[in-house]
>>> print(open('my_file_11.txt').read())   # compact mmCIF, C-alpha atoms
# COMPACT_ATOMS: atom_id res chain seq x y z
CA ASN W 1 85.07 69.55 157.61
CA ALA W 2 86.34 72.92 158.82
CA GLY W 3 82.81 74.29 159.30
CA VAL W 4 82.82 78.09 159.22
CA THR W 5 86.19 79.78 158.88
CA GLN W 6 86.96 83.48 159.27
CA THR W 7 90.00 85.56 158.42
CA PRO W 8 91.73 87.41 159.92
CA LYS W 9 91.51 86.42 163.60
CA PHE W 10 92.69 89.81 164.82
CA GLN W 11 92.97 93.21 163.14
CA VAL W 12 93.86 96.72 164.24
CA LEU W 13 92.77 99.60 162.01
CA LYS W 14 93.15 103.34 162.19
CA THR W 15 90.02 105.49 161.89
CA GLY W 16 89.13 105.93 158.22
CA GLN W 17 90.89 102.80 156.97
CA SER W 18 88.99 100.11 155.12
CA MET W 19 89.11 96.36 155.34
CA THR W 20 87.23 93.22 154.37
CA LEU W 21 86.47 90.36 156.72
CA GLN W 22 86.33 87.02 154.97
CA CYS W 23 84.04 84.09 155.80
CA ALA W 24 83.71 80.69 154.20
CA GLN W 25 81.68 77.58 155.01
CA ASP W 26 82.11 74.05 153.71
CA MET W 27 78.74 72.64 154.81
CA ASN W 28 76.87 73.52 151.59
CA HIS W 29 74.64 75.86 153.58
CA ASN W 30 72.31 78.24 151.79
CA SER W 31 72.12 81.03 154.37
CA MET W 32 74.91 83.09 155.87
CA TYR W 33 75.02 85.86 158.47
CA TRP W 34 77.31 88.49 159.95
CA TYR W 35 76.96 89.44 163.62
CA ARG W 36 78.84 91.74 165.92
CA GLN W 37 79.30 91.04 169.62
CA ASP W 38 79.94 93.82 172.10
CA PRO W 39 80.27 93.48 175.88
CA GLY W 40 76.84 93.39 177.51
CA MET W 41 75.07 93.67 174.15
CA GLY W 42 74.72 90.10 173.02
CA LEU W 43 74.88 89.30 169.31
CA ARG W 44 73.46 91.79 166.83
CA LEU W 45 72.82 90.97 163.19
CA ILE W 46 74.59 93.22 160.71
CA TYR W 47 73.69 91.67 157.35
CA TYR W 48 72.49 88.33 156.13
CA SER W 49 72.23 86.36 152.92
CA ALA W 50 69.21 84.07 152.85
CA SER W 51 70.48 82.35 149.71
CA GLU W 52 73.19 82.75 147.11
CA GLY W 53 72.63 85.94 145.17
CA THR W 54 70.68 87.76 147.89
CA THR W 55 71.74 89.98 150.77
CA ASP W 56 69.75 92.09 153.19
CA LYS W 57 70.22 94.41 156.13
CA GLY W 58 69.98 93.27 159.71
CA GLU W 59 69.67 95.24 162.90
CA VAL W 60 72.89 97.32 162.69
CA PRO W 61 73.96 97.68 159.01
CA ASN W 62 75.25 101.27 159.02
CA GLY W 63 78.93 101.52 158.06
CA TYR W 64 79.08 98.03 156.54
CA ASN W 65 78.63 96.37 153.18
CA VAL W 66 78.53 92.70 152.27
CA SER W 67 79.11 90.48 149.27
CA ARG W 68 77.85 86.94 148.82
CA LEU W 69 80.67 85.90 146.50
CA ASN W 70 79.32 82.38 145.92
CA LYS W 71 77.50 79.77 147.96
CA ARG W 72 80.53 79.23 150.22
CA GLU W 73 81.76 82.76 150.83
CA PHE W 74 80.25 85.85 152.44
CA SER W 75 82.43 88.89 153.09
CA LEU W 76 81.89 91.97 155.26
CA ARG W 77 83.49 95.28 154.29
CA LEU W 78 84.12 98.32 156.42
CA GLU W 79 84.63 101.22 154.01
CA SER W 80 85.78 103.83 156.54
CA ALA W 81 86.37 102.31 159.95
CA ALA W 82 85.24 104.17 163.08
CA PRO W 83 86.07 103.48 166.75
CA SER W 84 82.40 102.49 167.25
CA GLN W 85 83.09 99.50 165.01
CA THR W 86 85.55 98.05 167.52
CA SER W 87 83.96 94.68 168.20
CA VAL W 88 84.18 90.94 167.73
CA TYR W 89 82.65 89.90 164.42
CA PHE W 90 81.12 86.48 163.88
CA CYS W 91 80.08 84.87 160.66
CA ALA W 92 77.46 82.12 160.80
CA SER W 93 75.67 79.83 158.39
CA SER W 94 72.56 77.68 158.38
CA GLU W 95 71.32 74.98 156.06
CA ILE W 96 68.30 76.99 155.01
CA TRP W 97 66.73 80.32 155.87
CA GLY W 98 64.56 80.22 158.96
CA PRO W 99 64.49 79.00 162.56
CA TYR W 100 67.23 76.41 162.29
CA GLU W 101 70.63 75.91 163.86
CA GLN W 102 73.21 78.52 162.99
CA TYR W 103 76.85 77.43 162.92
CA PHE W 104 79.28 80.15 163.99
CA GLY W 105 82.87 80.78 163.02
CA PRO W 106 85.62 81.54 165.56
CA GLY W 107 85.30 85.31 165.19
CA THR W 108 87.46 88.27 164.19
CA ARG W 109 88.50 90.68 166.92
CA LEU W 110 88.69 94.16 165.38
CA THR W 111 90.06 97.24 167.09
CA VAL W 112 89.71 100.68 165.49
CA THR W 113 91.93 103.37 166.99
CA GLN I 1 63.46 98.04 172.02
CA GLN I 2 64.92 94.95 173.60
CA GLN I 3 62.76 92.07 172.51
CA VAL I 4 64.49 89.36 174.55
CA LYS I 5 65.46 90.16 178.14
CA GLN I 6 67.93 87.78 179.79
CA SER I 7 68.87 87.52 183.46
CA PRO I 8 71.05 87.36 185.40
CA GLN I 9 74.05 88.97 183.67
CA SER I 10 76.39 86.72 185.62
CA LEU I 11 76.03 83.71 187.85
CA ILE I 12 78.42 81.80 190.08
CA VAL I 13 77.58 78.33 191.39
CA GLN I 14 79.44 75.47 193.02
CA LYS I 15 80.02 72.20 191.21
CA GLY I 16 76.87 70.12 191.38
CA GLY I 17 74.61 73.16 191.71
CA ILE I 18 71.70 73.93 189.38
CA PRO I 19 72.15 77.32 187.70
CA ILE I 20 69.00 78.78 186.18
CA ILE I 21 69.04 81.44 183.47
CA ASN I 22 65.83 83.23 182.60
CA CYS I 23 64.61 84.95 179.46
CA ALA I 24 61.47 86.92 178.70
CA TYR I 25 60.20 87.98 175.31
CA GLU I 26 57.65 90.49 174.09
CA ASN I 27 56.75 89.43 170.56
CA THR I 28 53.90 86.90 170.67
CA ALA I 29 54.81 85.83 167.14
CA PHE I 30 58.03 84.23 168.41
CA ASP I 31 57.83 80.45 168.14
CA TYR I 32 61.42 79.22 168.19
CA PHE I 33 63.60 79.54 171.29
CA PRO I 34 67.22 78.34 171.10
CA TRP I 35 70.01 78.57 173.64
CA TYR I 36 73.59 79.07 172.52
CA GLN I 37 76.72 78.34 174.56
CA GLN I 38 79.93 80.28 174.01
CA PHE I 39 83.35 79.46 175.46
CA PRO I 40 86.01 82.19 175.68
CA GLY I 41 87.63 82.88 172.32
CA LYS I 42 85.11 80.73 170.43
CA GLY I 43 81.97 81.31 168.47
CA PRO I 44 78.57 80.45 169.97
CA ALA I 45 77.24 76.94 169.44
CA LEU I 46 73.66 75.71 169.64
CA LEU I 47 73.02 73.94 172.94
CA ILE I 48 69.30 73.17 172.89
CA ALA I 49 66.15 74.66 171.34
CA ILE I 50 62.41 74.49 172.02
CA ARG I 51 59.25 75.30 170.13
CA PRO I 52 56.06 76.30 171.99
CA ASP I 53 54.19 73.05 171.43
CA VAL I 54 55.99 71.63 174.48
CA SER I 55 56.58 73.10 177.94
CA GLU I 56 59.88 71.36 178.64
CA LYS I 57 62.74 69.82 176.72
CA LYS I 58 65.74 67.93 178.10
CA GLU I 59 69.05 67.11 176.48
CA GLY I 60 71.44 65.47 178.88
CA ARG I 61 71.95 67.79 181.84
CA PHE I 62 70.37 70.77 180.08
CA THR I 63 66.64 71.51 180.32
CA ILE I 64 64.58 74.29 178.79
CA SER I 65 61.33 75.20 180.53
CA PHE I 66 58.83 77.24 178.54
CA ASN I 67 55.84 79.25 179.79
CA LYS I 68 53.89 80.56 176.83
CA SER I 69 51.32 82.54 178.83
CA ALA I 70 54.04 84.37 180.76
CA LYS I 71 56.22 84.73 177.64
CA GLN I 72 59.18 83.33 179.53
CA PHE I 73 61.63 80.50 179.09
CA SER I 74 64.57 79.34 181.14
CA LEU I 75 67.64 77.11 181.00
CA HIS I 76 68.47 74.76 183.88
CA ILE I 77 71.79 72.95 184.10
CA MET I 78 71.63 69.88 186.32
CA ASP I 79 74.73 68.73 188.23
CA SER I 80 76.77 71.63 186.85
CA GLN I 81 80.46 71.06 186.16
CA PRO I 82 83.42 73.47 185.85
CA GLY I 83 83.44 72.64 182.13
CA ASP I 84 79.99 74.27 181.87
CA SER I 85 81.59 77.65 182.65
CA ALA I 86 80.73 79.74 179.59
CA THR I 87 78.47 82.53 178.38
CA TYR I 88 74.92 81.45 177.59
CA PHE I 89 72.65 83.31 175.19
CA CYS I 90 68.95 82.80 174.82
CA ALA I 91 67.33 83.78 171.54
CA ALA I 92 63.91 83.90 169.96
CA SER I 93 62.46 84.14 166.50
CA ASN I 94 59.36 83.63 164.49
CA SER I 95 59.38 81.11 161.70
CA GLY I 96 57.54 83.22 159.17
CA GLY I 97 59.44 83.28 155.89
CA SER I 98 60.75 86.72 155.01
CA ASN I 99 59.92 87.98 158.50
CA TYR I 100 62.31 85.54 160.12
CA LYS I 101 64.77 87.22 162.46
CA LEU I 102 66.68 85.66 165.35
CA THR I 103 66.95 88.04 168.32
CA PHE I 104 69.51 87.30 171.04
CA GLY I 105 69.48 88.15 174.73
CA LYS I 106 72.50 89.95 176.14
CA GLY I 107 74.05 86.84 177.63
CA THR I 108 74.78 85.30 181.04
CA LEU I 109 78.33 84.57 182.15
CA LEU I 110 78.22 81.34 184.16
CA THR I 111 81.07 80.31 186.41
CA VAL I 112 81.00 76.87 188.02
CA ASN I 113 83.53 76.61 190.82
CA PRO I 114 85.14 73.23 191.56
>>> encode(input="my_file_11.txt", output="structure tokens")
Amino acid sequence: NAGVTQTPKFQVLKTGQSMTLQCAQDMNHNSMYWYRQDPGMGLRLIYYSASEGTTDKGEVPNGYNVSRLNKREFSLRLESAAPSQTSVYFCASSEIWGPYEQYFGPGTRLTVT
Amino acid sequence: QQQVKQSPQSLIVQKGGIPIINCAYENTAFDYFPWYQQFPGKGPALLIAIRPDVSEKKEGRFTISFNKSAKQFSLHIMDSQPGDSATYFCAASNSGGSNYKLTFGKGTLLTVNP
């Protein structure tokens, strides 16, 4: 099992460009999450999908959109990238919604110039 | 409002030492307290978790101590090894259905010198 996979691993964007970060899990998990990690800030939840067909905002959703494409895949879209969105983005999944182990992907390092 | 405060930001110990990382929370509804370990260039991974019905939980060399009245919990690493060098995040959440939200501390960078 690959667990949680993310593409791309690295990306450089110019201000105003758009891109989609892809995430897939092969553990048949119901819940998926997108976090961003900034130095000294810990992990902050951007959006989550408690189950297939649902998505909801987390702590820092502004400037992002998500799509739960199917049970396996959960994508994060930046419509008009800004330098403040320079960060490392992690996708995670858990078997069910609630206080259970979250499995994280390897991350995407995004730089917006 | 920072709901989970983690300290110290960084910690250096010698091999065999016992690093201690502390976290404090504000929300009395929190009832699930995991610790995640992250190596450079990798995603975080669950290390150990505790619920407030116990005051201590051990898994191998890792121990969580929990003080409900003080709203604090801590991670102790016994006989620390250079391979334990990583960033450690505490987190807290409630377990209440639609109100569930996992809040992370800001992390502690641990270095274990040989």
>>> closest_residue(input="my_file_11.txt", among="W:Val12, W:Val4, W:Leu110, W:Ile46", to="Ala24 of chain W", atoms="all atoms listed in the file")
W:Val4
>>> closest_atom_pairs(input="my_file_11.txt", of="chain W", to="chain I", cutoff="8 Å", atoms="all atoms listed in the file", output="JSON lines")
{"residue": "W:Gly40", "atom": "CA", "partner": "I:Lys106", "partner_atom": "CA", "distance": 5.7}
{"residue": "W:Met41", "atom": "CA", "partner": "I:Lys106", "partner_atom": "CA", "distance": 4.9}
{"residue": "W:Gly42", "atom": "CA", "partner": "I:Lys106", "partner_atom": "CA", "distance": 3.8}
{"residue": "W:Leu43", "atom": "CA", "partner": "I:Phe104", "partner_atom": "CA", "distance": 6.0}
{"residue": "W:Arg44", "atom": "CA", "partner": "I:Phe104", "partner_atom": "CA", "distance": 7.3}
{"residue": "W:Phe90", "atom": "CA", "partner": "I:Gly43", "partner_atom": "CA", "distance": 7.0}
{"residue": "W:Trp97", "atom": "CA", "partner": "I:Gly97", "partner_atom": "CA", "distance": 7.9}
{"residue": "W:Gly98", "atom": "CA", "partner": "I:Tyr100", "partner_atom": "CA", "distance": 5.9}
{"residue": "W:Pro99", "atom": "CA", "partner": "I:Ser95", "partner_atom": "CA", "distance": 5.6}
{"residue": "W:Glu101", "atom": "CA", "partner": "I:Leu46", "partner_atom": "CA", "distance": 6.5}
{"residue": "W:Gln102", "atom": "CA", "partner": "I:Leu46", "partner_atom": "CA", "distance": 7.2}
{"residue": "W:Tyr103", "atom": "CA", "partner": "I:Ala45", "partner_atom": "CA", "distance": 6.6}
{"residue": "W:Phe104", "atom": "CA", "partner": "I:Gly43", "partner_atom": "CA", "distance": 5.4}
{"residue": "W:Gly105", "atom": "CA", "partner": "I:Gly43", "partner_atom": "CA", "distance": 5.5}
{"residue": "W:Pro106", "atom": "CA", "partner": "I:Gly43", "partner_atom": "CA", "distance": 4.7}
{"residue": "W:Gly107", "atom": "CA", "partner": "I:Gly43", "partner_atom": "CA", "distance": 6.2}
>>> residues_near_point(input="my_file_11.txt", point="(61.7, 74.4, 176.8)", cutoff="9 Å", atoms="all atoms listed in the file", output="ChimeraX atom specification")
/I:33-34,48-52,54-58,63-67,73-75
>>> atom_distance(input="my_file_11.txt", atom1="atom CA of Pro61 of chain W", atom2="atom CA of Leu45 of chain W")
8.0 Å
>>> residues_around(input="my_file_11.txt", residues="Val112 of chain I", least_positions_apart="5", cutoff="6 Å", atoms="only C-alpha atoms", output="list of chain:residue names")
I:Ile12, I:Val13, I:Gln14, I:Lys15, I:Pro82, I:Ser85
>>> residues_around(input="my_file_11.txt", residues="Gln85 of chain W", least_positions_apart="3", cutoff="7 Å", atoms="only C-alpha atoms", output="VMD selection string")
chain W and resid 81 to 82 112
>>> closest_residue(input="my_file_11.txt", among="I:Leu110, I:Met78, I:Ala86, I:Ala70", to="Ile18 of chain I", atoms="all atoms listed in the file")
I:Met78
>>> atom_distance(input="my_file_11.txt", atom1="atom CA of Ile96 of chain W", atom2="atom CA of Arg72 of chain W")
13.3 Å
>>> residues_around(input="my_file_11.txt", residues="Trp34 of chain W", least_positions_apart="5", cutoff="12 Å", atoms="only C-alpha atoms", output="ChimeraX atom specification")
/W:4,6,21-24,43-50,55-61,64-68,73-77,88-94,102-105,107-108
>>> closest_residue(input="my_file_11.txt", among="I:Gln37, I:Lys5, I:Lys68, I:Gln81", to="Thr111 of chain I", atoms="only C-alpha atoms")
I:Gln81
>>> closest_residue(input="my_file_11.txt", among="I:Ile77, I:Leu11, I:Leu109, I:Val4", to="Gly60 of chain I", atoms="all atoms listed in the file")
I:Ile77
>>> atom_distance(input="my_file_11.txt", atom1="atom CA of Lys14 of chain W", atom2="atom CA of Gly63 of chain W")
14.9 Å
>>> axis_aligned_box(input="my_file_11.txt", around="segment 69-80 of chain W", padding_each_side="4 Å", output="lines of an AutoDock Vina configuration file")
center_x = 81.6
center_y = 91.5
center_z = 151.2
size_x = 16.3
size_y = 32.6
size_z = 18.6
